[in-house]
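Participant: Right, I'll just put the structure down here and ask away after.
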Amino acid sequence: MARYSKTPLSKKLGIKENFLIQVYNLPKNYLAFFLDFPNGVIISDDNQPKETLDFIHIFGTTEDEVTKAFKKSKPTLKKNGILWISWPKKSSKLSSEIDKEFVRNYGLSNDLVDVKVSAIDDDWSAHKFVYRIEDR
């Protein structure tokens, strides 16, 4: 796996101590992306009440995967939380019907703002979305 910066991925993605996070459609090697997590991070794999998650990461290769995960997850995101949507890079061997433009436009059309794009690994890129300041 290529390292794109010396910054640990958890820091680059904004994962902080004691975060409650949820990952949708996670790649089998998701935890291998990280050298370590900050203390107290909990990865939830079950349904969460409204506005309880600090961090959501959605992986998708189809519009359907992304939209289903987004509709399920967005209500559980805290108003000051972080939502990342990942799609396969064009250079990846993974097939995909979505790209950066779809992901960006989808997040923006659902009342979030995009604040960052990041490489996750050799196969995945991601857009970071947050609520607008006036919506927090």
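Here's how to read the names in the structure tokens: chain A, B, ... by the order shown, residue numbers from 1 in each chain, ligand numbers from 1 in the order shown.
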With DSSP run on the backbone, what are the strand (DSSP E) residues within stretch 33-121 of chain A? I'd like them as an NGL selection string.

Facilitator: :A and (42-44 or 53-59 or 77-88 or 112-119)

Participant: So that I have them on file, write out the residues from the current selection with C-alpha atoms, as a PDB file, in the first residue's frame.

Facilitator:
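Final output, saved to out_32.pdb:
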```pdb
ATOM      1  CA  ILE A  42     -15.348   2.461  18.755  1.00  0.00           C
ATOM      2  CA  ILE A  43     -16.358   1.049  15.383  1.00  0.00           C
ATOM      3  CA  SER A  44     -20.086   0.443  15.495  1.00  0.00           C
ATOM      4  CA  LEU A  53     -22.028   9.167  15.265  1.00  0.00           C
ATOM      5  CA  ASP A  54     -18.910  11.330  15.128  1.00  0.00           C
ATOM      6  CA  PHE A  55     -17.603   9.821  11.906  1.00  0.00           C
ATOM      7  CA  ILE A  56     -19.118   7.903   8.995  1.00  0.00           C
ATOM      8  CA  HIS A  57     -17.191   6.398   6.098  1.00  0.00           C
ATOM      9  CA  ILE A  58     -19.134   5.106   3.090  1.00  0.00           C
ATOM     10  CA  PHE A  59     -17.434   3.030   0.405  1.00  0.00           C
ATOM     11  CA  LEU A  77     -24.361  11.818  12.075  1.00  0.00           C
ATOM     12  CA  LYS A  78     -23.815  14.442  14.756  1.00  0.00           C
ATOM     13  CA  LYS A  79     -24.211  18.003  13.504  1.00  0.00           C
ATOM     14  CA  ASN A  80     -20.472  18.522  14.043  1.00  0.00           C
ATOM     15  CA  GLY A  81     -19.609  15.090  12.622  1.00  0.00           C
ATOM     16  CA  ILE A  82     -17.627  14.033   9.578  1.00  0.00           C
ATOM     17  CA  LEU A  83     -18.913  11.979   6.648  1.00  0.00           C
ATOM     18  CA  TRP A  84     -16.530  10.566   4.049  1.00  0.00           C
ATOM     19  CA  ILE A  85     -17.603   8.933   0.803  1.00  0.00           C
ATOM     20  CA  SER A  86     -15.015   6.792  -0.981  1.00  0.00           C
ATOM     21  CA  TRP A  87     -14.969   5.605  -4.579  1.00  0.00           C
ATOM     22  CA  PRO A  88     -12.396   3.590  -6.536  1.00  0.00           C
ATOM     23  CA  LEU A 112     -23.598  19.024   3.109  1.00  0.00           C
ATOM     24  CA  VAL A 113     -20.464  20.869   2.048  1.00  0.00           C
ATOM     25  CA  ASP A 114     -17.297  19.234   0.767  1.00  0.00           C
ATOM     26  CA  VAL A 115     -14.183  20.366   2.533  1.00  0.00           C
ATOM     27  CA  LYS A 116     -11.449  17.955   1.506  1.00  0.00           C
ATOM     28  CA  VAL A 117     -10.440  15.197  -0.913  1.00  0.00           C
ATOM     29  CA  SER A 118      -8.005  12.527   0.202  1.00  0.00           C
ATOM     30  CA  ALA A 119      -6.348   9.342  -1.008  1.00  0.00           C
TER      31      ALA A 119
END
```

Participant: Measuring between only C-alpha atoms, which one of A:Ser96, A:Val41, A:Asn110, A:Ser73 shows the shortest distance to A:Gly60?

Facilitator: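 Of A:Ser96, A:Val41, A:Asn110, A:Ser73, the one nearest A:Gly60, counting only C-alpha atoms, is A:Ser96.
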
Participant: Taking only C-alpha atoms into account, produce a table as CSV in which each residue of stretch 48-77 of chain A with an atom at most 12 Å from an atom of stretch 105-108 of chain A appears once, together with its shortest atom pair and the distance in Å to one decimal, ordered by chain and rising number.

Facilitator:
```
residue,atom,partner,partner_atom,distance
A:Ile58,CA,A:Gly107,CA,11.6
A:Glu63,CA,A:Tyr106,CA,9.4
A:Asp64,CA,A:Tyr106,CA,11.7
A:Val66,CA,A:Tyr106,CA,9.1
A:Thr67,CA,A:Tyr106,CA,8.3
A:Phe70,CA,A:Gly107,CA,8.9
A:Lys71,CA,A:Gly107,CA,11.0
A:Lys74,CA,A:Gly107,CA,10.4
```

Participant: Go through A:Gln22, A:Thr76, A:Thr61, A:Asn47 and flag the residue nearest A:Lys90, using only C-alpha atoms for the distances.

Facilitator: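 Residue with the minimum atom-to-atom distance to A:Lys90: A:Thr61.
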
Participant: What does the distance from atom CA of A:Pro38 to atom CA of A:Lys16 come to in Å, to one decimal?

Facilitator: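 According to the coordinates, atom CA of A:Pro38 and atom CA of A:Lys16 are separated by 5.8 Å.
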
Participant: Show which residues sit within 12 Å of A:Leu35, as a list in words. Count only C-alpha atoms, and ignore same-chain residues fewer than 2 positions away.

Facilitator: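 Returned residues: Met1, Arg3, Lys6, Thr7, Pro8, Leu9, Ser10, Lys11, Tyr30, Leu31, Ala32, Phe33, Phe37 and Pro38 of chain A.
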
Participant: Using backbone DSSP assignments, extract all helix (DSSP H, G or I) residues from stretch 75-128 of chain A; output them as number ranges by chain.

Facilitator: A: 75-76, 100-108

Participant: If you keep C-alpha atoms, can you produce a file of those selected residues as a PDB file, in the first residue's frame?

Facilitator:
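Okay, this is what ended up in selection.pdb:
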```
ATOM      1  CA  PRO A  75     -29.541  10.959  10.222  1.00  0.00           C
ATOM      2  CA  THR A  76     -27.149   9.270  12.668  1.00  0.00           C
ATOM      3  CA  LYS A 100     -15.352  12.005  -7.879  1.00  0.00           C
ATOM      4  CA  GLU A 101     -17.958  14.188  -9.600  1.00  0.00           C
ATOM      5  CA  PHE A 102     -20.840  11.895  -8.671  1.00  0.00           C
ATOM      6  CA  VAL A 103     -19.692  11.754  -5.040  1.00  0.00           C
ATOM      7  CA  ARG A 104     -19.193  15.518  -4.770  1.00  0.00           C
ATOM      8  CA  ASN A 105     -22.504  16.369  -6.431  1.00  0.00           C
ATOM      9  CA  TYR A 106     -24.381  13.813  -4.340  1.00  0.00           C
ATOM     10  CA  GLY A 107     -23.061  15.177  -1.048  1.00  0.00           C
ATOM     11  CA  LEU A 108     -23.725  18.781  -2.049  1.00  0.00           C
TER      12      LEU A 108
END
```

Participant: Counting only C-alpha atoms, what is within 12 Å of A:Asn29, bar same-chain residues fewer than 4 positions away, as an MDAnalysis selection string?

Facilitator: chainID A and resid 1 25 33:34 120:121 123:124

Participant: Output N, CA and C atoms of each residue in that selection to a file, as a PDB file, in the first residue's frame.

Facilitator:
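Listed below is the output, again_39.pdb:
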```
ATOM      1  N   MET A   1       0.846  -1.179   0.000  1.00  0.00           N
ATOM      2  CA  MET A   1       0.000   0.000   0.000  1.00  0.00           C
ATOM      3  C   MET A   1       0.888   1.238   0.000  1.00  0.00           C
ATOM      4  N   ASN A  25     -20.117  -0.684   3.726  1.00  0.00           N
ATOM      5  CA  ASN A  25     -19.513  -1.363   2.576  1.00  0.00           C
ATOM      6  C   ASN A  25     -17.990  -1.403   2.698  1.00  0.00           C
ATOM      7  N   PHE A  33      -5.658  -0.125   6.684  1.00  0.00           N
ATOM      8  CA  PHE A  33      -5.352   1.218   6.183  1.00  0.00           C
ATOM      9  C   PHE A  33      -4.704   2.077   7.272  1.00  0.00           C
ATOM     10  N   PHE A  34      -4.941   1.707   8.516  1.00  0.00           N
ATOM     11  CA  PHE A  34      -4.537   2.540   9.645  1.00  0.00           C
ATOM     12  C   PHE A  34      -3.387   1.894  10.395  1.00  0.00           C
ATOM     13  N   ILE A 120      -7.109   7.349   0.137  1.00  0.00           N
ATOM     14  CA  ILE A 120      -7.189   6.411   1.255  1.00  0.00           C
ATOM     15  C   ILE A 120      -6.081   5.369   1.128  1.00  0.00           C
ATOM     16  N   ASP A 121      -5.984   4.776  -0.043  1.00  0.00           N
ATOM     17  CA  ASP A 121      -4.913   3.829  -0.357  1.00  0.00           C
ATOM     18  C   ASP A 121      -4.731   3.803  -1.873  1.00  0.00           C
ATOM     19  N   ASP A 123      -6.251   2.064  -4.025  1.00  0.00           N
ATOM     20  CA  ASP A 123      -7.507   1.839  -4.735  1.00  0.00           C
ATOM     21  C   ASP A 123      -8.588   2.885  -4.486  1.00  0.00           C
ATOM     22  N   TRP A 124      -8.577   3.534  -3.344  1.00  0.00           N
ATOM     23  CA  TRP A 124      -9.702   4.376  -2.935  1.00  0.00           C
ATOM     24  C   TRP A 124      -9.312   5.837  -2.730  1.00  0.00           C
TER      25      TRP A 124
END
```

Participant: Between A:Ser109, A:Thr62, A:Asn18, A:Ser125, which has the minimum distance to A:Ser91 (counting only C-alpha atoms)?

Facilitator: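 Selected residue with least distance to A:Ser91: A:Ser125.
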